[in-house]
$ cat target27.cif   # mmCIF, C-alpha atoms
data_upload
#
loop_
_atom_site.label_atom_id
_atom_site.label_comp_id
_atom_site.auth_asym_id
_atom_site.auth_seq_id
_atom_site.Cartn_x
_atom_site.Cartn_y
_atom_site.Cartn_z
CA MET A 1 44.16 -7.19 -85.91
CA LYS A 2 44.85 -3.88 -87.63
CA LYS A 3 41.14 -3.17 -87.78
CA TYR A 4 40.81 -3.66 -84.03
CA LEU A 5 43.84 -1.47 -83.38
CA LEU A 6 42.39 1.26 -85.56
CA LEU A 7 39.01 0.96 -83.95
CA GLY A 8 40.60 1.15 -80.51
CA LEU A 9 42.58 4.20 -81.46
CA LEU A 10 39.54 5.86 -82.99
CA SER A 11 37.58 5.22 -79.81
CA VAL A 12 40.32 6.81 -77.72
CA ASN A 13 40.33 9.79 -80.06
CA VAL A 14 36.57 10.16 -79.99
CA PHE A 15 36.67 9.92 -76.19
CA LEU A 16 39.37 12.57 -76.05
CA ALA A 17 37.55 14.82 -78.48
CA CYS A 18 34.11 14.42 -76.98
CA GLY A 19 35.03 14.04 -73.31
CA ARG A 20 32.44 15.82 -71.24
CA VAL A 21 34.64 18.41 -69.66
CA PRO A 22 32.34 21.27 -68.73
CA LYS A 23 33.25 24.78 -69.70
CA VAL A 24 31.92 28.12 -68.66
CA GLY A 25 30.58 30.64 -71.12
CA PRO A 26 32.57 33.33 -72.93
CA GLU A 27 34.03 36.55 -71.64
CA THR A 28 31.93 39.70 -72.05
CA ALA A 29 32.63 43.39 -71.79
CA GLU A 30 31.97 43.28 -68.04
CA LYS A 31 32.77 39.72 -67.06
CA LEU A 32 35.70 37.36 -67.44
CA ALA A 33 33.26 34.49 -68.05
CA THR A 34 29.54 33.74 -68.07
CA GLU A 35 27.24 30.81 -67.44
CA SER A 36 27.72 28.03 -69.97
CA GLN A 37 24.00 27.75 -70.76
CA LYS A 38 20.96 29.99 -70.54
CA ASP A 39 19.07 28.85 -67.44
CA CYS A 40 15.63 28.46 -69.08
CA GLY A 41 14.17 28.38 -65.58
CA PHE A 42 16.29 25.38 -64.60
CA VAL A 43 18.63 24.84 -61.69
CA GLN A 44 22.22 25.18 -62.91
CA ASN A 45 25.40 23.52 -61.73
CA SER A 46 28.56 25.41 -60.84
CA TYR A 47 29.48 25.76 -64.52
CA GLY A 48 26.09 27.22 -65.36
CA GLN A 49 24.86 24.08 -67.09
CA ARG A 50 21.19 23.23 -66.67
CA VAL A 51 20.72 20.15 -64.51
CA SER A 52 18.08 17.72 -65.67
CA TRP A 53 17.37 14.05 -66.22
CA LYS A 54 18.68 14.30 -69.80
CA GLN A 55 17.95 10.96 -71.46
CA SER A 56 17.09 9.19 -68.16
CA LEU A 57 13.37 9.58 -68.65
CA PRO A 58 10.86 8.55 -67.53
CA ILE A 59 11.65 9.21 -63.88
CA LYS A 60 10.65 6.32 -61.67
CA MET A 61 9.02 7.70 -58.55
CA TYR A 62 7.93 5.67 -55.57
CA ILE A 63 4.95 6.72 -53.52
CA ASP A 64 5.61 6.29 -49.81
CA PRO A 65 3.00 4.18 -47.95
CA MET A 66 2.10 7.25 -45.84
CA VAL A 67 0.69 9.04 -48.90
CA PRO A 68 -3.09 8.45 -48.88
CA THR A 69 -3.92 6.15 -51.79
CA GLU A 70 -6.73 8.41 -52.96
CA TYR A 71 -4.06 10.94 -53.95
CA ASP A 72 -2.33 8.59 -56.41
CA THR A 73 -4.61 9.78 -59.19
CA VAL A 74 -3.86 13.41 -58.35
CA LEU A 75 -0.15 12.69 -58.59
CA ARG A 76 -0.59 11.04 -61.97
CA GLU A 77 -2.76 13.92 -63.14
CA ALA A 78 -0.04 16.36 -62.07
CA ALA A 79 2.54 14.35 -64.02
CA LYS A 80 0.27 14.39 -67.06
CA LYS A 81 0.19 18.20 -67.06
CA TRP A 82 3.94 18.15 -67.78
CA GLU A 83 3.80 15.12 -70.04
CA ASP A 84 1.23 16.80 -72.28
CA VAL A 85 3.75 19.58 -72.86
CA LEU A 86 6.34 17.22 -74.32
CA GLY A 87 3.99 14.52 -75.58
CA ARG A 88 5.81 11.71 -73.81
CA THR A 89 5.93 9.87 -70.52
CA LEU A 90 8.06 11.68 -67.97
CA PHE A 91 7.07 9.91 -64.75
CA VAL A 92 6.34 6.35 -63.76
CA PHE A 93 4.83 5.95 -60.30
CA GLU A 94 4.87 2.89 -58.12
CA ARG A 95 3.68 2.40 -54.57
CA ALA A 96 6.61 1.68 -52.26
CA THR A 97 6.17 -1.55 -50.32
CA TRP A 98 8.48 -0.39 -47.58
CA ALA A 99 8.36 2.53 -45.17
CA SER A 100 11.25 4.96 -45.30
CA THR A 101 12.34 8.38 -44.19
CA PRO A 102 13.71 10.96 -46.60
CA ALA A 103 17.38 10.31 -47.29
CA LYS A 104 19.90 10.16 -50.09
CA ASP A 105 19.14 6.61 -51.17
CA ASN A 106 19.20 6.80 -54.97
CA ARG A 107 15.43 6.45 -55.03
CA ASN A 108 12.91 9.09 -56.01
CA ILE A 109 10.14 9.09 -53.45
CA VAL A 110 7.02 11.15 -52.74
CA TYR A 111 6.54 11.49 -48.97
CA TRP A 112 3.52 12.60 -46.95
CA MET A 113 5.18 14.20 -43.93
CA ASN A 114 3.35 14.19 -40.61
CA PRO A 115 5.18 15.34 -38.57
CA TRP A 116 6.69 17.80 -41.04
CA ASN A 117 10.14 17.66 -39.40
CA ASN A 118 11.23 20.94 -40.89
CA PRO A 119 11.69 24.18 -38.96
CA ASP A 120 10.18 26.12 -41.86
CA THR A 121 6.50 25.58 -41.23
CA LYS A 122 5.49 27.97 -44.01
CA LEU A 123 6.44 25.40 -46.62
CA GLN A 124 3.58 23.38 -48.09
CA ALA A 125 6.05 21.00 -49.67
CA MET A 126 9.69 20.70 -50.54
CA SER A 127 11.46 18.88 -53.32
CA SER A 128 15.10 17.96 -53.00
CA LEU A 129 17.30 17.40 -56.03
CA SER A 130 20.72 15.78 -56.27
CA TRP A 131 22.91 15.80 -59.34
CA THR A 132 26.28 14.71 -60.60
CA ASN A 133 27.82 16.93 -63.26
CA ASN A 134 24.65 18.14 -64.98
CA GLN A 135 22.66 14.94 -64.60
CA LEU A 136 19.95 14.66 -61.97
CA VAL A 137 20.33 11.45 -60.01
CA GLU A 138 17.71 11.70 -57.27
CA ALA A 139 14.61 13.68 -56.41
CA ASP A 140 12.32 13.45 -53.41
CA VAL A 141 9.08 15.31 -52.84
CA LYS A 142 7.94 15.96 -49.29
CA VAL A 143 4.40 17.23 -48.72
CA ASP A 144 3.66 18.95 -45.41
CA ALA A 145 0.74 17.00 -43.98
CA GLN A 146 1.11 18.46 -40.50
CA PHE A 147 0.53 22.16 -40.99
CA TYR A 148 -1.56 22.13 -44.18
CA THR A 149 -4.73 20.46 -45.38
CA TYR A 150 -5.47 19.80 -49.02
CA PHE A 151 -8.42 19.58 -51.34
CA VAL A 152 -8.87 17.85 -54.65
CA THR A 153 -12.24 19.11 -55.94
CA TYR A 154 -13.88 21.34 -53.34
CA PRO A 155 -12.21 22.85 -50.27
CA ASN A 156 -13.46 22.05 -46.80
CA SER A 157 -12.05 25.19 -45.30
CA ASN A 158 -10.64 28.54 -46.33
CA THR A 159 -7.15 27.35 -45.55
CA ASP A 160 -7.10 24.29 -47.81
CA VAL A 161 -4.44 24.07 -50.48
CA HIS A 162 -5.20 22.76 -53.97
CA LEU A 163 -3.26 19.50 -54.06
CA LEU A 164 -3.06 19.18 -57.85
CA SER A 165 -1.57 22.68 -58.18
CA LEU A 166 0.94 21.89 -55.46
CA LEU A 167 1.98 18.60 -57.07
CA VAL A 168 2.30 20.12 -60.55
CA HIS A 169 4.68 22.64 -58.99
CA GLU A 170 6.69 20.01 -57.10
CA LEU A 171 7.00 17.76 -60.15
CA GLY A 172 8.28 20.82 -62.00
CA HIS A 173 11.08 20.94 -59.41
CA VAL A 174 11.66 17.21 -59.90
CA LEU A 175 12.21 17.90 -63.60
CA GLY A 176 14.82 20.50 -62.63
CA LEU A 177 12.81 23.71 -62.73
CA LYS A 178 13.36 26.39 -60.13
CA HIS A 179 11.01 29.07 -58.86
CA LEU A 180 10.02 31.87 -61.17
CA ALA A 181 9.88 35.44 -59.98
CA ASN A 182 6.54 36.98 -59.18
CA GLY A 183 4.75 38.73 -62.00
CA SER A 184 3.77 35.75 -64.10
CA SER A 185 1.10 33.11 -63.67
CA SER A 186 3.62 30.27 -63.95
CA VAL A 187 3.02 27.06 -62.03
CA MET A 188 6.55 27.57 -60.75
CA LEU A 189 5.74 30.68 -58.71
CA SER A 190 7.04 30.15 -55.20
CA VAL A 191 3.80 30.95 -53.39
CA LEU A 192 0.54 29.05 -53.74
CA ASP A 193 -2.14 30.77 -51.71
CA TYR A 194 -4.97 28.89 -50.03
CA LEU A 195 -7.73 27.77 -52.42
CA VAL A 196 -5.84 28.97 -55.53
CA LYS A 197 -5.87 26.62 -58.50
CA ARG A 198 -2.82 26.95 -60.74
CA GLU A 199 -2.25 23.62 -62.39
CA ILE A 200 -1.83 24.38 -66.09
CA PRO A 201 1.75 25.04 -67.26
CA THR A 202 1.85 28.47 -68.89
CA ALA A 203 3.56 29.42 -72.15
CA GLU A 204 6.58 30.41 -70.05
CA ASP A 205 6.67 27.01 -68.31
CA ILE A 206 6.28 25.22 -71.63
CA ALA A 207 9.10 27.21 -73.23
CA ASP A 208 11.37 26.48 -70.27
CA LEU A 209 10.65 22.75 -70.31
CA LYS A 210 11.11 22.48 -74.06
CA CYS A 211 14.36 24.44 -73.87
CA GLU A 212 15.93 21.57 -71.93
CA TYR A 213 14.00 18.44 -72.83
CA ASN A 214 13.32 18.83 -76.53
CA MET B 1 52.59 -5.75 -98.26
CA LYS B 2 55.35 -3.40 -97.24
CA THR B 3 53.46 -0.40 -98.66
CA SER B 4 50.31 -1.42 -96.88
CA LYS B 5 52.21 -1.70 -93.61
CA SER B 6 53.74 1.76 -94.08
CA ARG B 7 50.35 3.25 -94.89
CA PHE B 8 48.94 1.61 -91.82
CA LEU B 9 51.69 2.99 -89.61
CA ILE B 10 51.36 6.48 -91.08
CA GLY B 11 47.61 6.33 -90.58
CA LEU B 12 48.11 5.17 -87.03
CA ALA B 13 50.53 7.99 -86.32
CA LEU B 14 48.17 10.57 -87.85
CA LEU B 15 45.25 9.28 -85.83
CA LEU B 16 47.29 9.40 -82.65
CA LEU B 17 48.51 12.90 -83.36
CA GLY B 18 44.98 14.00 -84.19
CA GLY B 19 43.75 12.54 -80.94
CA ILE B 20 46.47 14.18 -78.91
CA TYR B 21 45.79 17.52 -80.62
CA LEU B 22 42.05 17.39 -80.05
CA GLY B 23 42.46 16.07 -76.55
CA GLY B 24 44.96 18.75 -75.76
CA ARG B 25 42.65 21.45 -77.07
CA LEU B 26 39.71 20.18 -75.09
CA PHE B 27 41.36 18.94 -71.93
CA LEU B 28 44.58 20.73 -71.44
CA GLN B 29 44.14 24.15 -72.91
CA LYS B 30 44.27 26.72 -70.17
CA ARG B 31 41.84 29.54 -70.65
CA HIS B 32 43.69 32.48 -72.01
CA VAL B 33 43.10 35.42 -69.79
CA ALA B 34 43.56 38.54 -71.83
CA SER B 35 42.06 40.79 -69.22
CA PHE B 36 44.99 41.66 -67.02
CA ASP B 37 46.27 45.12 -67.82
CA GLY B 38 48.08 45.92 -64.59
CA THR B 39 51.72 45.42 -63.81
CA ILE B 40 53.25 42.71 -61.67
CA THR B 41 56.20 43.61 -59.49
CA THR B 42 58.23 40.82 -57.99
CA SER B 43 60.19 41.47 -54.83
CA ASN B 44 61.88 38.83 -52.69
CA GLY B 45 59.95 36.10 -54.45
CA ALA B 46 56.61 37.79 -53.82
CA SER B 47 54.44 39.21 -56.63
CA TYR B 48 52.47 42.40 -56.26
CA TYR B 49 49.68 43.30 -58.64
CA ASP B 50 49.69 47.00 -59.33
CA LEU B 51 46.40 48.28 -60.77
CA SER B 52 46.84 51.85 -59.63
CA GLU B 53 46.93 53.25 -63.14
CA LEU B 54 43.80 51.44 -64.35
CA THR B 55 40.19 52.60 -64.51
CA GLY B 56 36.83 51.30 -65.76
CA THR B 57 36.41 47.76 -66.99
CA ALA B 58 40.16 47.31 -67.46
CA PHE B 59 40.52 47.90 -63.72
CA LEU B 60 37.57 45.68 -62.80
CA LYS B 61 38.74 42.75 -64.88
CA SER B 62 42.35 43.07 -63.83
CA ALA B 63 41.28 43.27 -60.19
CA LYS B 64 39.41 39.99 -60.57
CA VAL B 65 42.46 38.35 -62.12
CA ALA B 66 44.62 39.64 -59.25
CA MET B 67 42.07 38.44 -56.67
CA SER B 68 41.98 34.99 -58.26
CA GLN B 69 45.75 34.62 -57.99
CA GLY B 70 45.51 34.49 -54.21
CA LEU B 71 42.33 32.44 -53.89
CA GLN B 72 43.30 29.64 -51.59
CA VAL B 73 41.48 27.53 -49.06
CA GLN B 74 42.90 28.02 -45.57
CA LEU B 75 42.26 25.19 -43.16
CA GLY B 76 42.86 25.93 -39.48
CA ALA B 77 42.60 23.64 -36.47
CA ALA B 78 38.82 23.68 -36.67
CA THR B 79 38.20 26.39 -39.24
CA ALA B 80 38.01 26.85 -42.98
CA GLY B 81 38.39 30.08 -44.89
CA LEU B 82 39.52 31.57 -48.15
CA THR B 83 42.36 33.97 -48.84
CA VAL B 84 41.95 36.37 -51.76
CA GLY B 85 44.66 37.86 -53.95
CA ASN B 86 45.62 41.40 -53.02
CA PHE B 87 46.49 44.28 -55.32
CA LEU B 88 47.49 47.89 -55.29
CA VAL B 89 45.11 50.72 -56.17
CA LYS B 90 45.10 54.50 -55.90
CA ASN B 91 43.21 56.04 -52.98
CA SER B 92 41.37 59.37 -53.17
CA GLN B 93 44.60 61.26 -52.45
CA GLY B 94 46.30 59.57 -55.36
CA SER B 95 48.56 57.40 -53.19
CA LYS B 96 49.23 53.79 -54.02
CA VAL B 97 47.62 51.59 -51.33
CA TYR B 98 46.46 48.01 -50.82
CA ALA B 99 42.93 47.21 -52.02
CA CYS B 100 41.57 46.89 -48.47
CA GLU B 101 42.12 50.56 -47.82
CA VAL B 102 39.76 51.53 -50.63
CA TYR B 103 37.49 48.46 -50.41
CA PRO B 104 37.16 47.70 -46.69
CA ASP B 105 34.42 45.08 -46.98
CA LEU B 106 34.92 41.48 -48.08
CA GLU B 107 32.08 39.13 -48.96
CA ILE B 108 32.45 35.45 -49.85
CA THR B 109 29.48 33.47 -51.18
CA LEU B 110 29.42 29.68 -51.13
CA GLN B 111 26.92 27.31 -52.73
CA ALA B 112 26.45 23.63 -51.96
CA GLU B 113 27.68 21.23 -54.59
CA GLY B 114 25.12 19.05 -56.34
CA ILE B 115 21.95 19.65 -54.34
CA ALA B 116 18.97 21.97 -54.43
CA TYR B 117 15.83 22.30 -52.34
CA SER B 118 12.74 23.38 -54.23
CA GLY B 119 14.99 24.65 -56.99
CA SER B 120 17.26 26.71 -54.73
CA ILE B 121 20.84 25.79 -53.92
CA PRO B 122 21.89 26.11 -50.25
CA THR B 123 23.96 29.26 -49.91
CA ILE B 124 26.26 30.67 -47.23
CA ILE B 125 27.33 34.32 -47.26
CA VAL B 126 30.32 35.45 -45.20
CA GLN B 127 30.71 39.21 -44.74
CA GLY B 128 33.58 40.80 -42.89
CA PRO B 129 36.49 43.22 -42.96
CA CYS B 130 39.06 43.20 -45.76
CA LEU B 131 42.37 42.72 -43.94
CA ASN B 132 45.80 42.48 -45.54
CA SER B 133 48.00 39.52 -44.77
CA ASP B 134 51.32 40.32 -43.06
CA ASP B 135 53.23 40.35 -46.35
CA GLY B 136 50.45 42.20 -48.18
CA GLN B 137 50.24 39.57 -50.88
CA THR B 138 46.79 38.31 -49.94
CA ILE B 139 43.64 39.40 -48.18
CA GLN B 140 43.21 37.40 -45.01
CA ALA B 141 40.70 34.58 -44.80
CA LEU B 142 37.59 34.93 -42.66
CA PRO B 143 37.86 31.60 -40.81
CA LEU B 144 34.54 29.78 -40.44
CA PRO B 145 34.41 27.76 -37.22
CA LEU B 146 33.43 24.26 -38.32
CA LYS B 147 32.25 23.03 -34.95
CA GLY B 148 28.53 23.65 -34.68
CA LEU B 149 28.49 25.53 -38.00
CA TYR B 150 25.27 23.91 -39.19
CA GLN B 151 23.39 24.66 -35.96
CA ASN B 152 24.73 28.18 -35.76
CA VAL B 153 23.78 29.20 -39.29
CA ARG B 154 20.40 27.50 -38.98
CA GLN B 155 19.59 29.19 -35.69
CA ASN B 156 21.03 32.65 -36.32
CA PRO B 157 19.92 34.54 -39.43
CA MET B 158 23.07 36.65 -39.04
CA TRP B 159 25.64 34.77 -37.01
CA LYS B 160 28.39 36.99 -35.61
CA VAL B 161 31.79 35.31 -35.43
CA PRO B 162 34.68 36.90 -33.48
CA LEU B 163 37.79 37.56 -35.54
CA GLY B 164 41.22 37.82 -33.95
CA ASP B 165 41.83 39.51 -30.62
CA ARG B 166 41.19 43.12 -31.58
CA GLY B 167 37.44 43.04 -31.30
CA ASP B 168 36.84 42.47 -34.99
CA SER B 169 34.09 40.13 -36.15
CA PHE B 170 32.41 38.90 -39.28
CA MET B 171 28.87 37.80 -40.13
CA VAL B 172 27.67 34.52 -41.55
CA SER B 173 24.21 34.00 -43.00
CA ALA B 174 22.65 31.07 -44.83
CA ARG B 175 19.73 30.49 -47.18
CA PHE B 176 17.95 27.40 -48.44
CA LEU B 177 19.37 25.16 -45.74
CA TYR B 178 17.04 22.41 -44.68
CA SER B 179 17.39 18.94 -43.31
CA GLU B 180 20.71 17.99 -44.74
CA TRP B 181 24.06 19.68 -44.17
CA PRO B 182 26.03 19.68 -47.42
CA THR B 183 29.74 19.28 -46.83
CA ALA B 184 31.09 20.39 -50.22
CA TRP B 185 30.66 24.08 -51.03
CA ASN B 186 31.76 25.94 -54.13
CA VAL B 187 32.94 29.52 -54.00
CA VAL B 188 30.49 31.37 -56.26
CA GLY B 189 31.19 34.92 -55.24
CA VAL B 190 34.05 37.08 -53.98
CA LYS B 191 33.28 40.75 -53.53
CA LEU B 192 35.32 43.69 -52.33
CA SER B 193 33.30 46.81 -51.71
CA ASN B 194 32.95 50.20 -50.12
CA ASP B 195 29.87 52.37 -49.77
CA GLN B 196 29.96 53.45 -53.39
CA GLU B 197 31.36 50.64 -55.50
CA SER B 198 32.32 47.01 -55.57
CA ILE B 199 34.46 44.49 -57.41
CA ALA B 200 32.42 41.30 -57.65
CA MET B 201 33.71 38.08 -59.11
CA ASP B 202 31.24 35.24 -59.65
CA GLY B 203 31.67 31.47 -59.75
CA TYR B 204 31.92 31.31 -63.55
CA GLU B 205 34.74 33.83 -63.53
CA ILE B 206 36.51 31.87 -60.80
CA ILE B 207 36.26 28.68 -62.88
CA SER B 208 37.54 30.48 -65.95
CA LEU B 209 40.58 31.66 -64.02
CA LEU B 210 41.30 28.50 -62.05
CA ASP B 211 40.03 25.99 -64.65
CA GLN B 212 37.80 24.37 -62.02
CA PRO B 213 35.42 25.32 -59.25
CA LEU B 214 37.04 26.27 -55.96
CA ALA B 215 35.53 24.07 -53.25
CA LEU B 216 35.55 24.18 -49.46
CA ASP B 217 34.92 21.15 -47.32
CA LEU B 218 32.75 22.33 -44.46
CA SER B 219 32.40 19.00 -42.71
CA GLU B 220 31.86 19.56 -39.05
CA GLU B 221 34.67 18.66 -36.73
CA PRO B 222 33.91 15.47 -34.78
#

$ encode --input "target27.cif" --output "structure tokens"
Amino acid sequence: MKKYLLLGLLSVNVFLACGRVPKVGPETAEKLATESQKDCGFVQNSYGQRVSWKQSLPIKMYIDPMVPTEYDTVLREAAKKWEDVLGRTLFVFERATWASTPAKDNRNIVYWMNPWNNPDTKLQAMSSLSWTNNQLVEADVKVDAQFYTYFVTYPNSNTDVHLLSLLVHELGHVLGLKHLANGSSSVMLSVLDYLVKREIPTAEDIADLKCEYN
Amino acid sequence: MKTSKSRFLIGLALLLLGGIYLGGRLFLQKRHVASFDGTITTSNGASYYDLSELTGTAFLKSAKVAMSQGLQVQLGAATAGLTVGNFLVKNSQGSKVYACEVYPDLEITLQAEGIAYSGSIPTIIVQGPCLNSDDGQTIQALPLPLKGLYQNVRQNPMWKVPLGDRGDSFMVSARFLYSEWPTAWNVVGVKLSNDQESIAMDGYEIISLLDQPLALDLSEEP
């Protein structure tokens, strides 16, 4: 009985001591407080903590039925570019057997959007992330199939976009990465010009990913 | 047996005390703000933050502390806004005046809670005049009209909102807003400025002063 009481009390103490109450970073000469973590290229919550999937890897992603099946391999190849960085499986893909529209539904889904249904027609794709505290809970990837055409190996026109490069970038967002400023050759640059291939994570991308997931 | 029972009870008490101590440190400890160097004058139950003798970082940090003391969400019939703590400063003639006289521009930045699109968090920026409240204790809220807010900020890159009946107005702009209208928004920036200088408090500083993020519910009115 005593043992159980002690164990119970210890658990309460450990909970109290280790409760995940976020804190902001320390005061500096100029500021009363700072971000609680260095961003490492990641989206941060209101406390300045990096948001990511933490231990909830691999991420199960469904592929919407509207995504052409011939692009499944490109999606897996894009995932592998990130997985090679960490040497472990980060994504598990499965074809969805139901049709859906993008929504907060606790499922991670890759959509092929035609019509694009977004007033910003300059976007080739958009990834949406939702989190609770600093834990990502949902990510959807929407690819604009109305205003853009894509190529896998050779382009058919001068306005084709390299699909693998685009998907590497979007899966970077799914992992929690944000855009990097111009001036580097990161796969997380916000603009991917027509015909440009940029599918290999750079040293900067690798350092960012390892900062959070190692 | 008796000794064992006593030991057990002492152990229990120590564990409990340890737990309360650790818990208190981690959960209950208010952040100690050592950065207020101004003076606080209380008159008729109202407190006035006097920073007129301060300069440099002592002034900047104390101003942020004073601003945080009046940060409060103001909900109107169909509006939501944020009051900011007021304080006294010296103007160019050396007279003691309210902050708005020296810093006539107020900017509030809000970020959606818990969502990002392509790595960017939806952001609303409200820019308008710094106006004292009637009692001078706070800087008046710039009330965001909730009805049609989403459509208005989506359609107008700089949406002009009338303020009061004296021809004043303020501007609202938004970034990274897409298909979904987030209803919970955190205050991540409060800035008072003039043409030359500004006092800018960010979301981390607000949390450090209030112990939690300051959130606005911008649900549209039905």

$ interface_residues --input "target27.cif" --of "chain A" --to "chain B" --cutoff "6 Å" --atoms "only C-alpha atoms" --output "JSON, numbers by chain"
{"A": [13, 16, 17, 32, 33, 34, 43, 126, 127, 128, 129, 130, 131, 173, 178]}

$ atom_distance --input "target27.cif" --atom1 "CA of Asp120 (chain A)" --atom2 "CA of Gln151 (chain B)"
14.5 Å

$ atom_distance --input "target27.cif" --atom1 "CA of Glu212 (chain A)" --atom2 "CA of Lys104 (chain A)"
25.0 Å

$ resolve_selection --input "target27.cif" --expression "the PyMOL selection byres ((chain A and resi 124) around 6)" --output "list in words"
Leu123, Ala125 and Asp144 of chain A

$ resolve_selection --input "target27.cif" --expression "the PyMOL selection byres ((chain A and resi 97) around 8)" --output "list in words"
Asp64, Pro65, Arg95, Ala96, Trp98 and Ala99 of chain A
